[in-house]
>>> print(open('run_34.txt').read())   # compact mmCIF, C-alpha atoms
# COMPACT_ATOMS: atom_id res chain seq x y z
CA MET T 1216 0.00 0.00 0.00
CA ARG T 1217 1.44 3.34 -1.08
CA ILE T 1218 1.22 6.11 1.55
CA LEU T 1219 2.05 9.79 1.14
CA ILE T 1220 2.62 11.68 4.41
CA LEU T 1221 2.47 15.48 4.39
CA GLY T 1222 4.86 16.13 7.25
CA GLY T 1223 7.22 18.54 8.93
CA THR T 1224 6.04 17.85 12.49
CA THR T 1225 6.99 15.63 15.41
CA GLU T 1226 3.85 13.60 14.67
CA ALA T 1227 4.97 12.98 11.09
CA SER T 1228 8.39 11.76 12.26
CA ALA T 1229 6.80 9.50 14.88
CA LEU T 1230 4.41 8.16 12.25
CA VAL T 1231 7.27 7.30 9.89
CA ARG T 1232 9.14 5.49 12.68
CA GLY T 1233 5.98 3.63 13.64
CA LEU T 1234 5.27 2.47 10.09
CA LEU T 1235 8.80 1.28 9.25
CA PRO T 1236 8.46 -2.15 10.94
CA HIS T 1237 5.24 -2.94 9.03
CA SER T 1238 5.68 -4.87 5.82
CA GLY T 1239 3.59 -4.16 2.74
CA LEU T 1240 3.73 -0.37 3.15
CA SER T 1241 5.55 1.98 0.79
CA VAL T 1242 5.87 5.35 2.53
CA THR T 1243 6.90 8.70 1.05
CA LEU T 1244 7.31 11.82 3.19
CA SER T 1245 6.56 15.25 1.75
CA LEU T 1246 8.07 18.40 3.31
CA ALA T 1247 7.12 21.94 2.32
CA GLY T 1248 10.76 23.05 2.21
CA ARG T 1249 10.35 26.15 4.38
CA THR T 1250 13.16 25.03 6.69
CA ALA T 1251 16.68 25.25 5.26
CA ALA T 1252 17.84 22.14 7.16
CA PRO T 1253 14.77 19.96 7.69
CA VAL T 1254 14.89 16.85 9.82
CA VAL T 1255 14.57 14.16 7.14
CA ASP T 1256 13.53 10.63 8.03
CA ALA T 1257 15.11 7.52 6.53
CA ILE T 1258 12.48 7.08 3.81
CA PRO T 1259 11.94 8.55 0.34
CA THR T 1260 11.37 12.27 0.89
CA ARG T 1261 9.93 14.88 -1.44
CA ILE T 1262 10.69 18.54 -0.67
CA GLY T 1263 8.64 21.38 -2.11
CA GLY T 1264 5.03 22.25 -2.92
CA PHE T 1265 2.70 20.49 -5.33
CA GLY T 1266 1.04 23.51 -6.94
CA GLY T 1267 -2.19 23.63 -4.95
CA PRO T 1268 -4.87 20.94 -4.63
CA GLU T 1269 -4.89 20.27 -8.37
CA GLY T 1270 -1.15 19.56 -8.39
CA LEU T 1271 -1.41 17.34 -5.32
CA ALA T 1272 -4.33 15.42 -6.85
CA CYS T 1273 -2.26 14.90 -10.01
CA TYR T 1274 0.65 13.56 -7.93
CA LEU T 1275 -1.66 11.18 -6.06
CA ARG T 1276 -2.91 9.75 -9.35
CA GLU T 1277 0.49 9.56 -11.04
CA GLN T 1278 2.13 7.86 -8.08
CA ALA T 1279 -0.85 5.54 -7.47
CA ILE T 1280 -1.07 6.66 -3.84
CA ASP T 1281 -3.49 4.56 -1.78
CA ARG T 1282 -3.60 6.71 1.38
CA LEU T 1283 -2.87 10.38 2.01
CA VAL T 1284 -1.93 11.47 5.54
CA ASP T 1285 -2.04 15.12 6.62
CA ALA T 1286 0.45 15.25 9.49
CA THR T 1287 1.25 18.94 9.05
CA HIS T 1288 1.33 21.66 11.71
CA PRO T 1289 -1.98 22.76 13.23
CA PHE T 1290 -1.42 26.20 11.68
CA ALA T 1291 -0.80 24.82 8.17
CA ALA T 1292 -4.41 25.61 7.29
CA ARG T 1293 -3.86 26.03 3.56
CA ILE T 1294 -2.14 22.66 3.27
CA GLY T 1295 -4.99 21.08 5.22
CA ARG T 1296 -7.52 22.51 2.79
CA ASN T 1297 -5.42 21.46 -0.20
CA ALA T 1298 -5.10 17.92 1.14
CA HIS T 1299 -8.85 17.66 1.59
CA GLY T 1300 -9.56 18.94 -1.91
CA ALA T 1301 -6.89 16.79 -3.56
CA ALA T 1302 -7.97 13.61 -1.77
CA GLU T 1303 -11.56 14.12 -2.89
CA ALA T 1304 -10.54 14.89 -6.47
CA ALA T 1305 -8.25 11.87 -6.72
CA GLY T 1306 -10.52 9.51 -4.80
CA VAL T 1307 -7.82 8.75 -2.24
CA PRO T 1308 -8.74 8.21 1.44
CA LEU T 1309 -7.37 10.98 3.69
CA LEU T 1310 -6.36 10.58 7.31
CA ALA T 1311 -5.34 13.62 9.34
CA ILE T 1312 -3.44 13.83 12.60
CA ARG T 1313 -5.13 16.70 14.42
CA ARG T 1314 -3.13 17.69 17.46
CA PRO T 1315 -5.55 18.85 20.21
CA ALA T 1316 -5.19 22.51 21.15
CA TRP T 1317 -3.96 23.52 24.59
CA THR T 1318 -6.66 24.49 27.04
CA ARG T 1319 -6.54 26.97 29.90
CA LYS T 1320 -5.59 25.75 33.34
CA PRO T 1321 -5.94 27.52 36.70
CA GLY T 1322 -3.36 30.30 36.80
CA ASP T 1323 -3.27 30.87 33.04
CA ALA T 1324 -3.78 34.51 32.00
CA TRP T 1325 -4.56 34.23 28.30
CA THR T 1326 -5.71 36.76 25.75
CA GLU T 1327 -6.89 34.70 22.78
CA VAL T 1328 -6.88 36.16 19.26
CA ASP T 1329 -7.53 34.79 15.77
CA THR T 1330 -4.48 36.16 13.93
CA VAL T 1331 -0.89 37.23 14.51
CA ALA T 1332 -1.97 40.78 13.67
CA GLY T 1333 -4.40 40.46 16.58
CA CYS T 1334 -1.43 39.74 18.85
CA VAL T 1335 0.17 43.06 17.87
CA ALA T 1336 -2.96 44.95 18.85
CA ALA T 1337 -3.36 42.97 22.08
CA LEU T 1338 0.10 44.01 23.29
CA GLY T 1339 -1.08 47.61 23.61
CA ASP T 1340 0.83 50.86 23.41
CA VAL T 1341 2.82 50.69 26.67
CA PRO T 1342 6.34 49.28 26.04
CA ARG T 1343 6.79 45.70 27.21
CA ARG T 1344 9.44 42.98 27.07
CA VAL T 1345 7.90 40.43 24.68
CA PHE T 1346 8.91 36.78 24.25
CA LEU T 1347 7.81 36.11 20.68
CA THR T 1348 7.44 32.52 19.38
CA VAL T 1349 5.15 32.69 16.34
CA GLY T 1350 7.65 31.55 13.70
CA ARG T 1351 10.00 33.52 11.48
CA MET T 1352 7.52 33.91 8.64
CA GLU T 1353 5.09 35.94 10.77
CA VAL T 1354 7.28 38.10 13.00
CA ALA T 1355 7.27 41.01 10.53
CA ALA T 1356 3.81 41.99 11.77
CA PHE T 1357 5.38 43.20 15.03
CA ALA T 1358 7.37 45.89 13.22
CA ALA T 1359 4.16 47.90 13.57
CA ALA T 1360 4.80 48.02 17.35
CA PRO T 1361 8.47 49.08 17.67
CA GLN T 1362 7.97 50.44 21.19
CA HIS T 1363 8.36 46.93 22.62
CA ASP T 1364 11.55 45.00 23.36
CA TYR T 1365 11.44 41.63 21.59
CA VAL T 1366 13.04 38.32 22.46
CA VAL T 1367 12.38 36.20 19.37
CA ARG T 1368 12.97 32.47 19.13
CA THR T 1369 12.96 30.79 15.70
CA ILE T 1370 14.25 27.61 14.09
CA GLU T 1371 15.64 29.49 11.10
CA PRO T 1372 18.00 32.50 11.46
CA LEU T 1373 15.88 35.60 12.07
CA GLY T 1374 17.95 37.89 9.84
CA ASP T 1375 16.17 41.17 9.12
CA ALA T 1376 12.67 39.69 9.38
CA LEU T 1377 11.77 42.00 12.29
CA PRO T 1378 13.23 45.51 11.94
CA VAL T 1379 12.77 46.98 15.42
CA PRO T 1380 15.19 48.96 17.63
CA ARG T 1381 15.47 46.44 20.49
CA LEU T 1382 15.69 42.80 19.50
CA THR T 1383 17.25 39.65 20.94
CA ALA T 1384 17.26 36.71 18.53
CA ILE T 1385 17.43 33.09 19.73
CA ARG T 1386 17.79 30.24 17.27
CA ALA T 1387 16.62 26.89 18.66
CA ARG T 1388 14.52 23.86 17.83
CA GLY T 1389 12.24 22.22 20.40
CA PRO T 1390 11.30 20.40 22.47
CA PHE T 1391 11.66 22.88 25.33
CA ASP T 1392 10.96 21.83 28.91
CA ALA T 1393 9.20 24.02 31.44
CA ALA T 1394 12.21 24.48 33.75
CA ALA T 1395 14.39 25.74 30.91
CA GLU T 1396 11.62 28.07 29.75
CA VAL T 1397 11.23 29.51 33.25
CA ALA T 1398 14.97 30.20 33.36
CA LEU T 1399 14.94 31.80 29.91
CA MET T 1400 12.00 34.07 30.70
CA ARG T 1401 13.48 35.12 34.03
CA ASP T 1402 16.92 35.81 32.56
CA ALA T 1403 15.38 37.82 29.70
CA SER T 1404 13.06 39.77 32.07
CA VAL T 1405 10.05 38.83 29.93
CA ASP T 1406 6.77 40.66 30.60
CA VAL T 1407 4.49 38.77 28.21
CA LEU T 1408 4.58 35.66 26.03
CA VAL T 1409 3.20 35.79 22.50
CA THR T 1410 2.66 32.46 20.79
CA LYS T 1411 0.35 30.21 18.77
CA ASN T 1412 -1.80 27.48 20.24
CA ALA T 1413 0.18 24.70 18.58
CA GLY T 1414 -0.95 21.99 21.00
CA GLY T 1415 1.16 18.97 21.86
CA ALA T 1416 3.93 18.50 24.39
CA ALA T 1417 7.03 19.67 22.48
CA THR T 1418 6.52 23.41 23.07
CA TYR T 1419 4.06 23.39 25.97
CA GLY T 1420 6.90 24.24 28.36
CA LYS T 1421 6.58 27.96 27.61
CA ILE T 1422 2.88 27.89 28.55
CA ALA T 1423 3.66 26.13 31.83
CA ALA T 1424 6.53 28.54 32.47
CA ALA T 1425 4.33 31.59 31.94
CA ARG T 1426 1.84 30.13 34.42
CA THR T 1427 4.61 29.51 36.96
CA LEU T 1428 5.91 33.07 36.60
CA GLY T 1429 2.46 34.65 36.56
CA LEU T 1430 3.03 36.12 33.10
CA PRO T 1431 0.24 36.98 30.66
CA VAL T 1432 0.05 35.12 27.35
CA VAL T 1433 -1.26 36.42 24.04
CA ILE T 1434 -2.13 33.31 22.05
CA VAL T 1435 -3.43 32.71 18.53
CA ARG T 1436 -6.27 30.19 18.25
CA GLN T 1437 -5.86 27.25 15.88
CA PRO T 1438 -7.32 27.99 12.44
CA TRP T 1439 -10.30 26.24 10.90
CA LYS T 1440 -9.63 23.11 8.87
CA PRO T 1441 -12.05 20.88 6.93
CA MET T 1442 -13.73 18.07 8.83
CA VAL T 1443 -11.96 14.85 7.78
CA ASP T 1444 -11.23 11.40 9.16
CA ALA T 1445 -8.77 12.24 11.94
CA VAL T 1446 -6.86 10.86 14.90
CA ALA T 1447 -5.16 12.71 17.75
CA ASP T 1448 -1.63 11.30 17.54
CA ALA T 1449 0.88 9.27 15.56
CA ALA T 1450 0.27 6.04 17.48
CA ALA T 1451 -3.39 6.03 16.48
CA ALA T 1452 -2.43 6.80 12.89
CA VAL T 1453 0.04 3.89 12.83
CA GLU T 1454 -2.67 1.53 14.06
CA ARG T 1455 -5.13 2.73 11.41
CA LEU T 1456 -2.65 2.61 8.54
CA ALA T 1457 -1.13 -0.73 9.48
CA GLY T 1458 -4.63 -2.20 9.61
CA ALA T 1459 -5.48 -0.67 6.24
CA GLY T 1460 -2.24 -2.13 4.87
CA ARG T 1461 -3.23 -5.62 5.99
CA ASP T 1462 -6.68 -5.20 4.42
CA HIS T 1463 -5.07 -3.91 1.23
CA ALA T 1464 -2.80 -6.96 1.03
CA THR T 1465 -5.75 -9.31 1.63
CA LEU T 1466 -7.76 -7.72 -1.18
CA ARG T 1467 -4.82 -8.16 -3.52
CA GLY T 1468 -4.42 -11.76 -2.46
CA VAL T 1469 -0.91 -11.20 -1.13
>>> encode(input="run_34.txt", output="structure tokens")
Amino acid sequence: MRILILGGTTEASALVRGLLPHSGLSVTLSLAGRTAAPVVDAIPTRIGGFGGPEGLACYLREQAIDRLVDATHPFAARIGRNAHGAAEAAGVPLLAIRRPAWTRKPGDAWTEVDTVAGCVAALGDVPRRVFLTVGRMEVAAFAAAPQHDYVVRTIEPLGDALPVPRLTAIRARGPFDAAAEVALMRDASVDVLVTKNAGGAATYGKIAAARTLGLPVVIVRQPWKPMVDAVADAAAAVERLAGAGRDHATLRGV
């Protein structure tokens, strides 16, 4: 059974590792190519876009893909929509891994917004020391609020993506534990955390740290994605796909 995984997340990597021991599965991983040095798993990997849902549907047909898996980031809304449209057009079953969003706990002081631009407005006019973790591609929005001091953490080098007078750039890839995040925020004299509600455990440490330190959090809600067949984690996806692989082999008389 031929499987195409749209990846770039910890779930996608865990899914690949989980599928490797299962015979009868031919797995290809697709990465968007937005990271200069992506973490590539030991399977055939395709890097780059498909050209929208039509291009992805064409690829599914040409490569005789039997299952499409959307294991992209919760904020990869466009890819999620494209996967849904392509799977329907090509007649290929789609399975999505939908990481549950974080929820408030006692002690959390959240201001929830729908967009990164909403975060800029929520910070207000009074200068603050901002720990910014929304990804390099979206930090430019904060140039509209140069009165703040920014501590920005990204996977890719920040470069000139955020032209503001006071900026501290940190380059790092998660996971980040809560104790380390508490130390970072204390050392940097952070007043407020700005982030996206990515869900999962890998970057939850900053949320727990803000709670421990009594810091407010401005957080972007997860975007809407089409309703599709979905599971919450890689383990559930492995179980579903391995079972489908066995059924596929039975139908073929293997």
>>> atom_distance(input="run_34.txt", atom1="atom CA of Arg1314 of chain T", atom2="atom CA of Ala1413 of chain T")
7.8 Å
>>> closest_residue(input="run_34.txt", among="T:Arg1313, T:Ala1279, T:Arg1426, T:Gly1264", to="Ser1241 of chain T", atoms="all atoms listed in the file")
T:Ala1279
>>> closest_residue(input="run_34.txt", among="T:Cys1334, T:Ala1257, T:Leu1219, T:Leu1309", to="Ser1245 of chain T", atoms="all atoms listed in the file")
T:Leu1219
>>> closest_atom_pairs(input="run_34.txt", of="segment 1372-1462 of chain T", to="segment 1297-1302 of chain T", cutoff="10 Å", atoms="only C-alpha atoms", output="JSON lines")
{"residue": "T:Lys1440", "atom": "CA", "partner": "T:His1299", "partner_atom": "CA", "distance": 9.1}
{"residue": "T:Pro1441", "atom": "CA", "partner": "T:His1299", "partner_atom": "CA", "distance": 7.0}
{"residue": "T:Met1442", "atom": "CA", "partner": "T:His1299", "partner_atom": "CA", "distance": 8.7}
{"residue": "T:Val1443", "atom": "CA", "partner": "T:His1299", "partner_atom": "CA", "distance": 7.5}
>>> closest_atom_pairs(input="run_34.txt", of="segment 1380-1420 of chain T", to="segment 1366-1374 of chain T", cutoff="8 Å", atoms="only C-alpha atoms", output="Markdown table")
| residue | atom | partner | partner_atom | distance |
| --- | --- | --- | --- | --- |
| T:Leu1382 | CA | T:Val1366 | CA | 6.0 |
| T:Thr1383 | CA | T:Val1366 | CA | 4.7 |
| T:Ala1384 | CA | T:Val1367 | CA | 5.0 |
| T:Ile1385 | CA | T:Arg1368 | CA | 4.5 |
| T:Arg1386 | CA | T:Thr1369 | CA | 5.1 |
| T:Ala1387 | CA | T:Ile1370 | CA | 5.2 |
| T:Arg1388 | CA | T:Ile1370 | CA | 5.3 |
| T:Ala1403 | CA | T:Val1366 | CA | 7.6 |
>>> write_last_selection(input="run_34.txt", atoms="C-alpha atoms", output="short mmCIF file (atom, residue, chain, number, x, y, z; two decimals), in the coordinates of the input")
data_model
loop_
_atom_site.label_atom_id
_atom_site.label_comp_id
_atom_site.auth_asym_id
_atom_site.auth_seq_id
_atom_site.Cartn_x
_atom_site.Cartn_y
_atom_site.Cartn_z
CA LEU T 1382 15.69 42.80 19.50
CA THR T 1383 17.25 39.65 20.94
CA ALA T 1384 17.26 36.71 18.53
CA ILE T 1385 17.43 33.09 19.73
CA ARG T 1386 17.79 30.24 17.27
CA ALA T 1387 16.62 26.89 18.66
CA ARG T 1388 14.52 23.86 17.83
CA ALA T 1403 15.38 37.82 29.70
#
>>> residues_around(input="run_34.txt", residues="Ala1393 of chain T", least_positions_apart="2", cutoff="12 Å", atoms="only C-alpha atoms", output="count of residues only")
22
>>> atom_distance(input="run_34.txt", atom1="atom CA of Gly1266 of chain T", atom2="atom CA of Leu1240 of chain T")
26.1 Å
>>> atom_distance(input="run_34.txt", atom1="atom CA of Thr1287 of chain T", atom2="atom CA of Phe1357 of chain T")
25.3 Å
>>> closest_residue(input="run_34.txt", among="T:His1363, T:Arg1461, T:Arg1343, T:Arg1232", to="Asp1406 of chain T", atoms="all atoms listed in the file")
T:Arg1343
>>> closest_residue(input="run_34.txt", among="T:Leu1338, T:Leu1234, T:Leu1283, T:Cys1273", to="Val1433 of chain T", atoms="all atoms listed in the file")
T:Leu1338
>>> closest_residue(input="run_34.txt", among="T:Ala1359, T:Ala1450, T:Leu1271, T:Val1345", to="Ser1404 of chain T", atoms="only C-alpha atoms")
T:Val1345
>>> axis_aligned_box(input="run_34.txt", around="segment 1216-1233 of chain T", padding_each_side="6 Å", output="JSON")
{"center_x": 4.6, "center_y": 9.3, "center_z": 7.2, "size_x": 21.1, "size_y": 30.5, "size_z": 28.5}
>>> closest_residue(input="run_34.txt", among="T:Pro1259, T:Gly1350, T:Gly1223, T:Pro1342", to="Tyr1365 of chain T", atoms="all atoms listed in the file")
T:Pro1342
>>> build_atoms(input="run_34.txt", residues="segment 1343-1365 of chain T", atoms="N, CA, C and O atoms", output="PDB file, in the frame of the given file")
ATOM      1  N   ARG T1343       6.683  46.929  26.430  1.00  0.00           N
ATOM      2  CA  ARG T1343       6.790  45.700  27.210  1.00  0.00           C
ATOM      3  C   ARG T1343       7.958  44.862  26.664  1.00  0.00           C
ATOM      4  O   ARG T1343       8.409  45.054  25.544  1.00  0.00           O
ATOM      5  N   ARG T1344       8.409  43.931  27.481  1.00  0.00           N
ATOM      6  CA  ARG T1344       9.440  42.980  27.070  1.00  0.00           C
ATOM      7  C   ARG T1344       8.705  41.713  26.611  1.00  0.00           C
ATOM      8  O   ARG T1344       8.108  41.001  27.414  1.00  0.00           O
ATOM      9  N   VAL T1345       8.742  41.447  25.307  1.00  0.00           N
ATOM     10  CA  VAL T1345       7.900  40.430  24.680  1.00  0.00           C
ATOM     11  C   VAL T1345       8.732  39.217  24.280  1.00  0.00           C
ATOM     12  O   VAL T1345       9.726  39.352  23.553  1.00  0.00           O
ATOM     13  N   PHE T1346       8.321  38.031  24.733  1.00  0.00           N
ATOM     14  CA  PHE T1346       8.910  36.780  24.250  1.00  0.00           C
ATOM     15  C   PHE T1346       8.033  36.294  23.108  1.00  0.00           C
ATOM     16  O   PHE T1346       6.872  35.918  23.301  1.00  0.00           O
ATOM     17  N   LEU T1347       8.585  36.318  21.897  1.00  0.00           N
ATOM     18  CA  LEU T1347       7.810  36.110  20.680  1.00  0.00           C
ATOM     19  C   LEU T1347       8.184  34.759  20.056  1.00  0.00           C
ATOM     20  O   LEU T1347       9.332  34.534  19.685  1.00  0.00           O
ATOM     21  N   THR T1348       7.190  33.860  19.932  1.00  0.00           N
ATOM     22  CA  THR T1348       7.440  32.520  19.380  1.00  0.00           C
ATOM     23  C   THR T1348       6.338  32.155  18.393  1.00  0.00           C
ATOM     24  O   THR T1348       5.641  31.155  18.567  1.00  0.00           O
ATOM     25  N   VAL T1349       6.195  32.944  17.337  1.00  0.00           N
ATOM     26  CA  VAL T1349       5.150  32.690  16.340  1.00  0.00           C
ATOM     27  C   VAL T1349       5.712  32.184  15.021  1.00  0.00           C
ATOM     28  O   VAL T1349       4.970  31.961  14.073  1.00  0.00           O
ATOM     29  N   GLY T1350       7.021  32.006  14.934  1.00  0.00           N
ATOM     30  CA  GLY T1350       7.650  31.550  13.700  1.00  0.00           C
ATOM     31  C   GLY T1350       8.201  32.701  12.873  1.00  0.00           C
ATOM     32  O   GLY T1350       7.630  33.797  12.848  1.00  0.00           O
ATOM     33  N   ARG T1351       9.314  32.458  12.210  1.00  0.00           N
ATOM     34  CA  ARG T1351      10.000  33.520  11.480  1.00  0.00           C
ATOM     35  C   ARG T1351       9.140  34.161  10.406  1.00  0.00           C
ATOM     36  O   ARG T1351       9.232  35.360  10.156  1.00  0.00           O
ATOM     37  N   MET T1352       8.277  33.392   9.773  1.00  0.00           N
ATOM     38  CA  MET T1352       7.520  33.910   8.640  1.00  0.00           C
ATOM     39  C   MET T1352       6.473  34.934   9.043  1.00  0.00           C
ATOM     40  O   MET T1352       5.945  35.644   8.193  1.00  0.00           O
ATOM     41  N   GLU T1353       6.161  35.025  10.345  1.00  0.00           N
ATOM     42  CA  GLU T1353       5.090  35.940  10.770  1.00  0.00           C
ATOM     43  C   GLU T1353       5.550  37.034  11.720  1.00  0.00           C
ATOM     44  O   GLU T1353       4.734  37.840  12.159  1.00  0.00           O
ATOM     45  N   VAL T1354       6.837  37.098  12.030  1.00  0.00           N
ATOM     46  CA  VAL T1354       7.280  38.100  13.000  1.00  0.00           C
ATOM     47  C   VAL T1354       7.235  39.523  12.443  1.00  0.00           C
ATOM     48  O   VAL T1354       7.174  40.492  13.206  1.00  0.00           O
ATOM     49  N   ALA T1355       7.235  39.673  11.122  1.00  0.00           N
ATOM     50  CA  ALA T1355       7.270  41.010  10.530  1.00  0.00           C
ATOM     51  C   ALA T1355       6.100  41.869  10.972  1.00  0.00           C
ATOM     52  O   ALA T1355       6.199  43.101  11.009  1.00  0.00           O
ATOM     53  N   ALA T1356       4.984  41.237  11.335  1.00  0.00           N
ATOM     54  CA  ALA T1356       3.810  41.990  11.770  1.00  0.00           C
ATOM     55  C   ALA T1356       4.113  42.872  12.972  1.00  0.00           C
ATOM     56  O   ALA T1356       3.491  43.939  13.152  1.00  0.00           O
ATOM     57  N   PHE T1357       5.089  42.477  13.796  1.00  0.00           N
ATOM     58  CA  PHE T1357       5.380  43.200  15.030  1.00  0.00           C
ATOM     59  C   PHE T1357       6.238  44.452  14.788  1.00  0.00           C
ATOM     60  O   PHE T1357       6.452  45.233  15.721  1.00  0.00           O
ATOM     61  N   ALA T1358       6.681  44.645  13.551  1.00  0.00           N
ATOM     62  CA  ALA T1358       7.370  45.890  13.220  1.00  0.00           C
ATOM     63  C   ALA T1358       6.438  47.092  13.385  1.00  0.00           C
ATOM     64  O   ALA T1358       6.898  48.221  13.541  1.00  0.00           O
ATOM     65  N   ALA T1359       5.140  46.832  13.373  1.00  0.00           N
ATOM     66  CA  ALA T1359       4.160  47.900  13.570  1.00  0.00           C
ATOM     67  C   ALA T1359       4.103  48.358  15.029  1.00  0.00           C
ATOM     68  O   ALA T1359       3.456  49.374  15.336  1.00  0.00           O
ATOM     69  N   ALA T1360       4.774  47.645  15.926  1.00  0.00           N
ATOM     70  CA  ALA T1360       4.800  48.020  17.350  1.00  0.00           C
ATOM     71  C   ALA T1360       6.238  48.069  17.837  1.00  0.00           C
ATOM     72  O   ALA T1360       6.668  47.251  18.669  1.00  0.00           O
ATOM     73  N   PRO T1361       7.037  49.031  17.345  1.00  0.00           N
ATOM     74  CA  PRO T1361       8.470  49.080  17.670  1.00  0.00           C
ATOM     75  C   PRO T1361       8.764  49.565  19.081  1.00  0.00           C
ATOM     76  O   PRO T1361       9.936  49.583  19.486  1.00  0.00           O
ATOM     77  N   GLN T1362       7.735  49.956  19.831  1.00  0.00           N
ATOM     78  CA  GLN T1362       7.970  50.440  21.190  1.00  0.00           C
ATOM     79  C   GLN T1362       8.345  49.308  22.145  1.00  0.00           C
ATOM     80  O   GLN T1362       8.896  49.552  23.229  1.00  0.00           O
ATOM     81  N   HIS T1363       8.066  48.065  21.745  1.00  0.00           N
ATOM     82  CA  HIS T1363       8.360  46.930  22.620  1.00  0.00           C
ATOM     83  C   HIS T1363       9.783  46.411  22.421  1.00  0.00           C
ATOM     84  O   HIS T1363      10.372  46.574  21.355  1.00  0.00           O
ATOM     85  N   ASP T1364      10.319  45.779  23.470  1.00  0.00           N
ATOM     86  CA  ASP T1364      11.550  45.000  23.360  1.00  0.00           C
ATOM     87  C   ASP T1364      11.145  43.567  23.006  1.00  0.00           C
ATOM     88  O   ASP T1364      10.247  43.009  23.637  1.00  0.00           O
ATOM     89  N   TYR T1365      11.822  42.975  22.041  1.00  0.00           N
ATOM     90  CA  TYR T1365      11.440  41.630  21.590  1.00  0.00           C
ATOM     91  C   TYR T1365      12.564  40.626  21.811  1.00  0.00           C
ATOM     92  O   TYR T1365      13.713  40.871  21.448  1.00  0.00           O
TER      93      TYR T1365
END
